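Asks: Dropping in entry_25.cif, which is mmCIF, C-alpha atoms:
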data_start
#
loop_
_atom_site.label_atom_id
_atom_site.label_comp_id
_atom_site.auth_asym_id
_atom_site.auth_seq_id
_atom_site.Cartn_x
_atom_site.Cartn_y
_atom_site.Cartn_z
CA MET A 1 0.00 0.00 0.00
CA ILE A 2 2.86 2.38 0.79
CA ASP A 3 4.21 1.76 -2.72
CA ALA A 4 0.93 3.09 -4.10
CA LEU A 5 1.35 6.46 -2.35
CA HIS A 6 2.74 9.43 -4.22
CA PHE A 7 5.38 11.16 -2.18
CA ASP A 8 6.58 14.60 -3.26
CA SER A 9 10.07 15.46 -4.50
CA ASN A 10 11.23 15.54 -0.88
CA GLY A 11 9.83 12.07 -0.26
CA LEU A 12 6.97 13.44 1.84
CA ILE A 13 3.17 13.27 1.84
CA PRO A 14 0.84 15.56 3.83
CA ALA A 15 -1.15 13.89 6.59
CA ILE A 16 -4.28 15.35 8.18
CA ALA A 17 -4.99 14.21 11.73
CA GLN A 18 -8.66 14.12 12.67
CA GLN A 19 -10.10 13.09 16.03
CA HIS A 20 -11.98 9.92 15.11
CA ASP A 21 -15.13 10.48 17.16
CA THR A 22 -15.66 14.24 17.19
CA GLY A 23 -14.46 14.94 13.65
CA GLU A 24 -12.24 17.78 14.83
CA VAL A 25 -9.31 18.44 12.51
CA LEU A 26 -6.33 18.59 14.84
CA MET A 27 -3.30 19.27 12.66
CA LEU A 28 -1.56 18.80 9.34
CA ALA A 29 1.92 17.33 9.29
CA TRP A 30 4.13 15.32 6.93
CA MET A 31 5.17 11.71 6.62
CA ASN A 32 7.83 9.89 4.66
CA ALA A 33 7.48 6.22 3.75
CA GLU A 34 9.22 5.14 6.95
CA ALA A 35 6.80 7.18 9.08
CA VAL A 36 3.80 5.65 7.31
CA GLU A 37 5.21 2.16 7.80
CA GLU A 38 5.96 2.73 11.48
CA THR A 39 2.53 4.28 12.11
CA LEU A 40 0.74 1.31 10.53
CA ARG A 41 2.95 -1.19 12.33
CA THR A 42 2.80 0.33 15.82
CA GLY A 43 -0.60 2.02 15.79
CA ARG A 44 1.01 5.14 17.17
CA VAL A 45 1.32 8.09 14.83
CA CYS A 46 4.81 8.99 13.65
CA TYR A 47 5.45 11.97 11.37
CA TRP A 48 8.52 13.36 9.65
CA SER A 49 9.67 16.62 11.19
CA ARG A 50 10.76 18.90 8.36
CA SER A 51 12.40 21.33 10.81
CA ARG A 52 14.39 18.64 12.59
CA GLY A 53 14.87 16.40 9.58
CA ALA A 54 14.00 13.33 11.63
CA LEU A 55 11.17 10.97 12.46
CA TRP A 56 8.80 12.62 14.92
CA ARG A 57 6.95 10.23 17.16
CA LYS A 58 4.09 12.51 18.11
CA GLY A 59 4.06 12.95 21.88
CA GLU A 60 7.52 11.55 22.56
CA THR A 61 8.44 14.76 24.40
CA SER A 62 5.02 16.12 25.36
CA GLY A 63 3.22 12.88 26.13
CA GLN A 64 0.41 14.01 23.82
CA VAL A 65 0.39 10.88 21.67
CA GLN A 66 -1.93 9.99 18.83
CA ARG A 67 -3.24 6.46 18.59
CA LEU A 68 -4.11 5.50 15.03
CA VAL A 69 -7.69 4.43 14.52
CA GLU A 70 -7.61 4.29 10.71
CA LEU A 71 -5.39 5.49 7.89
CA ARG A 72 -7.11 6.68 4.74
CA PHE A 73 -5.73 8.16 1.53
CA ASP A 74 -7.21 10.17 -1.27
CA CYS A 75 -8.06 9.65 -4.92
CA ASP A 76 -4.66 10.84 -6.13
CA ALA A 77 -2.85 8.92 -3.35
CA ASP A 78 -0.98 12.11 -2.49
CA ALA A 79 -2.62 12.99 0.83
CA LEU A 80 -3.37 10.99 3.98
CA LEU A 81 -6.22 11.29 6.44
CA LEU A 82 -5.41 9.82 9.85
CA LEU A 83 -8.31 9.11 12.14
CA VAL A 84 -6.70 9.26 15.56
CA ASP A 85 -7.43 9.24 19.23
CA GLN A 86 -5.53 12.26 20.55
CA THR A 87 -4.29 12.19 24.13
CA GLY A 88 -4.55 15.70 25.55
CA VAL A 89 -3.79 18.41 23.02
CA ALA A 90 -2.44 18.27 19.48
CA CYS A 91 -0.91 21.76 19.34
CA HIS A 92 2.44 22.75 20.85
CA THR A 93 0.72 25.95 22.04
CA GLY A 94 -1.37 23.87 24.43
CA ARG A 95 -4.50 24.07 22.33
CA ARG A 96 -6.54 21.05 21.36
CA THR A 97 -6.18 21.84 17.63
CA CYS A 98 -3.53 23.70 15.66
CA PHE A 99 -6.28 25.44 13.67
CA TYR A 100 -7.19 27.98 16.34
CA ARG A 101 -7.18 31.11 14.19
CA ALA A 102 -9.96 32.12 11.83
CA VAL A 103 -10.74 34.99 9.53
CA ARG A 104 -13.88 36.65 10.83
CA ASP A 105 -15.15 40.06 9.73
CA ASP A 106 -11.94 40.55 7.74
CA GLU A 107 -9.84 40.13 10.88
CA VAL A 108 -7.93 37.26 12.43
CA ALA A 109 -9.67 35.90 15.52
CA GLU A 110 -8.37 33.37 18.00
CA ILE A 111 -11.20 30.90 18.39
CA ALA A 112 -9.63 28.49 20.88
CA ALA A 113 -7.61 29.08 24.02
CA PRO A 114 -4.83 26.89 25.43
CA VAL A 115 -6.16 24.18 27.70
CA VAL A 116 -2.70 23.16 28.89
CA ASP A 117 0.30 25.34 29.75
CA PRO A 118 2.90 24.52 27.05
CA ALA A 119 5.59 24.74 29.74
CA THR A 120 4.12 21.65 31.35
CA LEU A 121 4.35 19.81 28.02
CA TYR A 122 7.95 20.68 27.19
CA GLY A 123 9.36 21.83 30.52
CA MET B 1 -3.75 38.12 6.92
CA ILE B 2 -2.50 36.59 3.67
CA ASP B 3 0.89 38.19 4.35
CA ALA B 4 1.07 36.20 7.58
CA LEU B 5 0.75 32.87 5.78
CA HIS B 6 3.81 30.82 4.98
CA PHE B 7 3.71 29.61 1.41
CA ASP B 8 6.18 26.94 0.31
CA SER B 9 8.98 27.38 -2.24
CA ASN B 10 6.38 27.01 -5.01
CA GLY B 11 4.23 29.73 -3.48
CA LEU B 12 1.63 27.23 -2.30
CA ILE B 13 -0.04 26.28 0.97
CA PRO B 14 -2.05 23.08 1.61
CA ALA B 15 -5.76 23.57 2.26
CA ILE B 16 -8.01 20.98 3.89
CA ALA B 17 -11.69 21.22 2.98
CA GLN B 18 -14.07 20.04 5.69
CA GLN B 19 -17.87 19.99 5.45
CA HIS B 20 -18.83 22.56 8.07
CA ASP B 21 -21.75 20.75 9.68
CA THR B 22 -20.89 17.06 9.45
CA GLY B 23 -17.14 17.39 10.03
CA GLU B 24 -16.38 15.17 7.05
CA VAL B 25 -12.95 15.82 5.55
CA LEU B 26 -13.63 16.15 1.83
CA MET B 27 -10.26 16.79 0.19
CA LEU B 28 -6.84 18.34 0.39
CA ALA B 29 -5.75 20.77 -2.29
CA TRP B 30 -3.39 23.71 -2.68
CA MET B 31 -3.74 27.48 -2.79
CA ASN B 32 -1.48 30.31 -3.78
CA ALA B 33 -1.92 33.82 -2.39
CA GLU B 34 -4.25 34.79 -5.23
CA ALA B 35 -6.49 31.77 -4.57
CA VAL B 36 -6.71 32.62 -0.87
CA GLU B 37 -7.57 36.23 -1.68
CA GLU B 38 -10.23 35.28 -4.22
CA THR B 39 -11.76 32.70 -1.88
CA LEU B 40 -12.06 35.22 0.95
CA ARG B 41 -13.39 37.91 -1.37
CA THR B 42 -15.98 35.83 -3.21
CA GLY B 43 -16.92 33.25 -0.58
CA ARG B 44 -16.48 30.54 -3.19
CA VAL B 45 -13.48 28.28 -2.84
CA CYS B 46 -10.73 28.67 -5.41
CA TYR B 47 -7.62 26.48 -5.39
CA TRP B 48 -4.42 26.38 -7.41
CA SER B 49 -4.28 23.39 -9.73
CA ARG B 50 -0.73 22.05 -9.69
CA SER B 51 -1.42 19.85 -12.71
CA ARG B 52 -2.89 22.64 -14.81
CA GLY B 53 -0.76 25.44 -13.36
CA ALA B 54 -3.79 27.69 -13.05
CA LEU B 55 -6.41 28.91 -10.63
CA TRP B 56 -9.03 26.23 -10.08
CA ARG B 57 -12.46 27.51 -9.17
CA LYS B 58 -13.80 24.35 -7.61
CA GLY B 59 -16.90 23.26 -9.48
CA GLU B 60 -16.44 25.49 -12.52
CA THR B 61 -16.66 22.44 -14.77
CA SER B 62 -18.54 19.96 -12.56
CA GLY B 63 -20.92 22.33 -10.80
CA GLN B 64 -19.80 20.85 -7.48
CA VAL B 65 -18.88 24.16 -5.87
CA GLN B 66 -17.71 24.82 -2.34
CA ARG B 67 -19.11 27.78 -0.47
CA LEU B 68 -16.71 29.05 2.16
CA VAL B 69 -18.12 29.11 5.67
CA GLU B 70 -14.87 29.93 7.48
CA LEU B 71 -11.15 29.96 6.73
CA ARG B 72 -8.83 28.90 9.53
CA PHE B 73 -5.06 28.48 9.65
CA ASP B 74 -2.70 26.65 11.91
CA CYS B 75 -0.09 27.55 14.52
CA ASP B 76 2.73 27.65 11.98
CA ALA B 77 0.56 29.48 9.43
CA ASP B 78 1.56 26.91 6.84
CA ALA B 79 -1.71 25.02 6.49
CA LEU B 80 -5.33 26.09 5.93
CA LEU B 81 -8.55 24.53 7.11
CA LEU B 82 -11.55 25.54 5.04
CA LEU B 83 -14.96 24.95 6.54
CA VAL B 84 -17.15 24.66 3.47
CA ASP B 85 -20.61 23.81 2.30
CA GLN B 86 -20.05 21.33 -0.51
CA THR B 87 -22.59 21.11 -3.29
CA GLY B 88 -22.89 17.49 -4.37
CA VAL B 89 -19.59 15.61 -4.28
CA ALA B 90 -16.03 16.78 -3.68
CA CYS B 91 -14.24 14.01 -5.55
CA HIS B 92 -13.82 13.79 -9.32
CA THR B 93 -14.60 10.06 -9.00
CA GLY B 94 -18.17 10.97 -7.99
CA ARG B 95 -17.64 10.22 -4.32
CA ARG B 96 -18.56 12.63 -1.60
CA THR B 97 -14.99 12.67 -0.23
CA CYS B 98 -11.63 12.04 -1.87
CA PHE B 99 -10.57 9.94 1.15
CA TYR B 100 -12.50 6.82 0.19
CA ARG B 101 -9.72 4.27 0.64
CA ALA B 102 -8.61 2.93 4.01
CA VAL B 103 -6.11 0.40 5.29
CA ARG B 104 -8.09 -2.32 7.05
CA ASP B 105 -6.66 -5.69 8.06
CA ASP B 106 -3.46 -4.85 6.19
CA GLU B 107 -5.37 -4.39 2.95
CA VAL B 108 -6.74 -1.40 1.07
CA ALA B 109 -10.52 -1.20 1.31
CA GLU B 110 -12.84 1.13 -0.57
CA ILE B 111 -15.10 2.54 2.09
CA ALA B 112 -17.27 4.83 -0.03
CA ALA B 113 -18.92 4.31 -3.38
CA PRO B 114 -19.61 6.93 -6.06
CA VAL B 115 -22.91 8.67 -5.54
CA VAL B 116 -22.76 10.44 -8.91
CA ASP B 117 -21.56 9.12 -12.27
CA PRO B 118 -18.41 11.14 -13.05
CA ALA B 119 -19.50 11.26 -16.68
CA THR B 120 -22.42 13.44 -15.65
CA LEU B 121 -20.03 15.83 -13.91
CA TYR B 122 -17.52 16.22 -16.72
CA GLY B 123 -19.44 14.98 -19.77
#
Show this structure as structure tokens.

Replies:
Amino acid sequence: MIDALHFDSNGLIPAIAQQHDTGEVLMLAWMNAEAVEETLRTGRVCYWSRSRGALWRKGETSGQVQRLVELRFDCDADALLLLVDQTGVACHTGRRTCFYRAVRDDEVAEIAAPVVDPATLYG
Amino acid sequence: MIDALHFDSNGLIPAIAQQHDTGEVLMLAWMNAEAVEETLRTGRVCYWSRSRGALWRKGETSGQVQRLVELRFDCDADALLLLVDQTGVACHTGRRTCFYRAVRDDEVAEIAAPVVDPATLYG
């Protein structure tokens, strides 16, 4: 199945993480083939960190892990949708979702507040 | 707000389209700054087609348009989440969502069938 995926010129594919029961979109990150393989094998979501240039086992520092419920992919096989069960918060800012800013009335509004102090996640 | 977004080296940013009321993730596509601006201005979702190298007003051929309900962006400002109201189907295969394949029991399963004949969309 991994052979059927279309990775970009950097060997990466975008992966959307969605909370499996509420439908909340938590984050978008990237995977290489090794991250996809590890995620399917272990049931714990592993991304590729573009900033660190390394596998990123979500929650390995913060404890905010994502358990894989189901991995889906799209018609062009160039995007992944991960249904996950998110422990705690997905965002490094301490918010449940990374998508906490919205354009409303032509201005940027923060629509979600941190529920955890980031210092307790990375301190 | 568009100036705050981080576009990649090709001038693009990934955009997730989610049906606003059901939470269903419909597709992932790409936008350049012009597509973001047009989408916000018109309230009708416009992407950048990487294959055609042109603005892609979703539904201009198929009639399956996306009305923008809200545009959100993530903590790193390098991904968009579009809450939309999808007319008909999002996928060119005639399925409601592009994410119709899943890995189940180590095999790829089709978990959604076409609800529209693609020939009627593009005929």

Asks: Find the residues in chain A near chain B: any atom within 10 Å counts, using all atoms listed in the file. Write them as a ChimeraX atom specification.

Replies: /A:1,14-16,18,22-29,40-41,70-82,91-93,95,97-104,106-111

Asks: Using CA of Phe7 in chain A and CA of Met31 in chain A as the two end points, give the distance in Å to one decimal.

Replies: 8.8 Å

Asks: Mind pulling up the distance from CA of Ala90 in chain B to CA of Glu37 in chain B?

Replies: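 Atom-to-atom, CA of Glu37 in chain B to CA of Ala90 in chain B, that is 21.3 Å.
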
Asks: Please return the centre and edge lengths, in Å to one decimal, of a box with edges along x, y and z that contains all listed atoms of range 98-105 of chain A, widened by 8 Å on every side, as AutoDock Vina command-line options.

Replies:
--center_x -9.3 --center_y 31.9 --center_z 12.9 --size_x 27.6 --size_y 32.4 --size_z 22.8

Asks: Can you tell me which residues surround range 42-48 of chain A at a distance of at most 8 Å, considering all atoms listed in the file, apart from same-chain residues fewer than 5 positions away, and format the answer as number ranges by chain?

Replies: A: 12, 29-32, 35-36, 53-58, 65-69

Asks: Quick one: distance from CA of Val89 in chain A to CA of Asp8 in chain A in Å, one decimal?

Replies: 28.5 Å

Asks: Generate the missing atoms of range 49-66 of chain B up to N, CA, C and O atoms and report them as an mmCIF file, in the frame of the given file.

Replies:
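What landed in selection-v7.cif:
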data_model
loop_
_atom_site.group_PDB
_atom_site.id
_atom_site.type_symbol
_atom_site.label_atom_id
_atom_site.label_comp_id
_atom_site.auth_asym_id
_atom_site.auth_seq_id
_atom_site.Cartn_x
_atom_site.Cartn_y
_atom_site.Cartn_z
ATOM 1 N N SER B 49 -4.482 24.723 -9.166
ATOM 2 C CA SER B 49 -4.280 23.390 -9.730
ATOM 3 C C SER B 49 -2.814 23.225 -10.090
ATOM 4 O O SER B 49 -2.303 23.903 -10.991
ATOM 5 N N ARG B 50 -2.150 22.295 -9.399
ATOM 6 C CA ARG B 50 -0.730 22.050 -9.690
ATOM 7 C C ARG B 50 -0.577 21.369 -11.046
ATOM 8 O O ARG B 50 0.410 21.601 -11.738
ATOM 9 N N SER B 51 -1.551 20.547 -11.434
ATOM 10 C CA SER B 51 -1.420 19.850 -12.710
ATOM 11 C C SER B 51 -1.657 20.792 -13.883
ATOM 12 O O SER B 51 -0.989 20.698 -14.910
ATOM 13 N N ARG B 52 -2.584 21.722 -13.707
ATOM 14 C CA ARG B 52 -2.890 22.640 -14.810
ATOM 15 C C ARG B 52 -2.096 23.936 -14.725
ATOM 16 O O ARG B 52 -2.033 24.698 -15.687
ATOM 17 N N GLY B 53 -1.517 24.203 -13.522
ATOM 18 C CA GLY B 53 -0.760 25.440 -13.360
ATOM 19 C C GLY B 53 -1.638 26.661 -13.500
ATOM 20 O O GLY B 53 -1.272 27.658 -14.140
ATOM 21 N N ALA B 54 -2.827 26.589 -12.905
ATOM 22 C CA ALA B 54 -3.790 27.690 -13.050
ATOM 23 C C ALA B 54 -4.725 27.712 -11.860
ATOM 24 O O ALA B 54 -4.849 26.713 -11.137
ATOM 25 N N LEU B 55 -5.376 28.849 -11.654
ATOM 26 C CA LEU B 55 -6.410 28.910 -10.630
ATOM 27 C C LEU B 55 -7.503 27.906 -10.964
ATOM 28 O O LEU B 55 -7.836 27.691 -12.138
ATOM 29 N N TRP B 56 -8.040 27.314 -9.924
ATOM 30 C CA TRP B 56 -9.030 26.230 -10.080
ATOM 31 C C TRP B 56 -10.230 26.588 -9.222
ATOM 32 O O TRP B 56 -10.217 26.405 -8.026
ATOM 33 N N ARG B 57 -11.222 27.166 -9.894
ATOM 34 C CA ARG B 57 -12.460 27.510 -9.170
ATOM 35 C C ARG B 57 -13.269 26.251 -9.047
ATOM 36 O O ARG B 57 -13.917 25.819 -10.002
ATOM 37 N N LYS B 58 -13.194 25.668 -7.871
ATOM 38 C CA LYS B 58 -13.800 24.350 -7.610
ATOM 39 C C LYS B 58 -15.244 24.337 -8.081
ATOM 40 O O LYS B 58 -16.041 25.180 -7.659
ATOM 41 N N GLY B 59 -15.543 23.407 -8.972
ATOM 42 C CA GLY B 59 -16.900 23.260 -9.480
ATOM 43 C C GLY B 59 -17.166 24.003 -10.767
ATOM 44 O O GLY B 59 -18.279 23.919 -11.292
ATOM 45 N N GLU B 60 -16.153 24.686 -11.332
ATOM 46 C CA GLU B 60 -16.440 25.490 -12.520
ATOM 47 C C GLU B 60 -16.800 24.606 -13.715
ATOM 48 O O GLU B 60 -17.563 25.019 -14.582
ATOM 49 N N THR B 61 -16.265 23.377 -13.719
ATOM 50 C CA THR B 61 -16.660 22.440 -14.770
ATOM 51 C C THR B 61 -17.791 21.520 -14.299
ATOM 52 O O THR B 61 -18.770 21.296 -15.003
ATOM 53 N N SER B 62 -17.632 21.007 -13.071
ATOM 54 C CA SER B 62 -18.540 19.960 -12.560
ATOM 55 C C SER B 62 -19.801 20.503 -11.919
ATOM 56 O O SER B 62 -20.770 19.764 -11.718
ATOM 57 N N GLY B 63 -19.788 21.782 -11.540
ATOM 58 C CA GLY B 63 -20.920 22.330 -10.800
ATOM 59 C C GLY B 63 -20.878 22.032 -9.309
ATOM 60 O O GLY B 63 -21.725 22.517 -8.560
ATOM 61 N N GLN B 64 -19.885 21.267 -8.885
ATOM 62 C CA GLN B 64 -19.800 20.850 -7.480
ATOM 63 C C GLN B 64 -18.992 21.894 -6.697
ATOM 64 O O GLN B 64 -17.859 21.648 -6.304
ATOM 65 N N VAL B 65 -19.589 23.038 -6.475
ATOM 66 C CA VAL B 65 -18.880 24.160 -5.870
ATOM 67 C C VAL B 65 -18.796 24.005 -4.351
ATOM 68 O O VAL B 65 -19.540 23.236 -3.734
ATOM 69 N N GLN B 66 -17.858 24.755 -3.786
ATOM 70 C CA GLN B 66 -17.710 24.820 -2.340
ATOM 71 C C GLN B 66 -17.911 26.267 -1.894
ATOM 72 O O GLN B 66 -17.148 27.151 -2.288
#
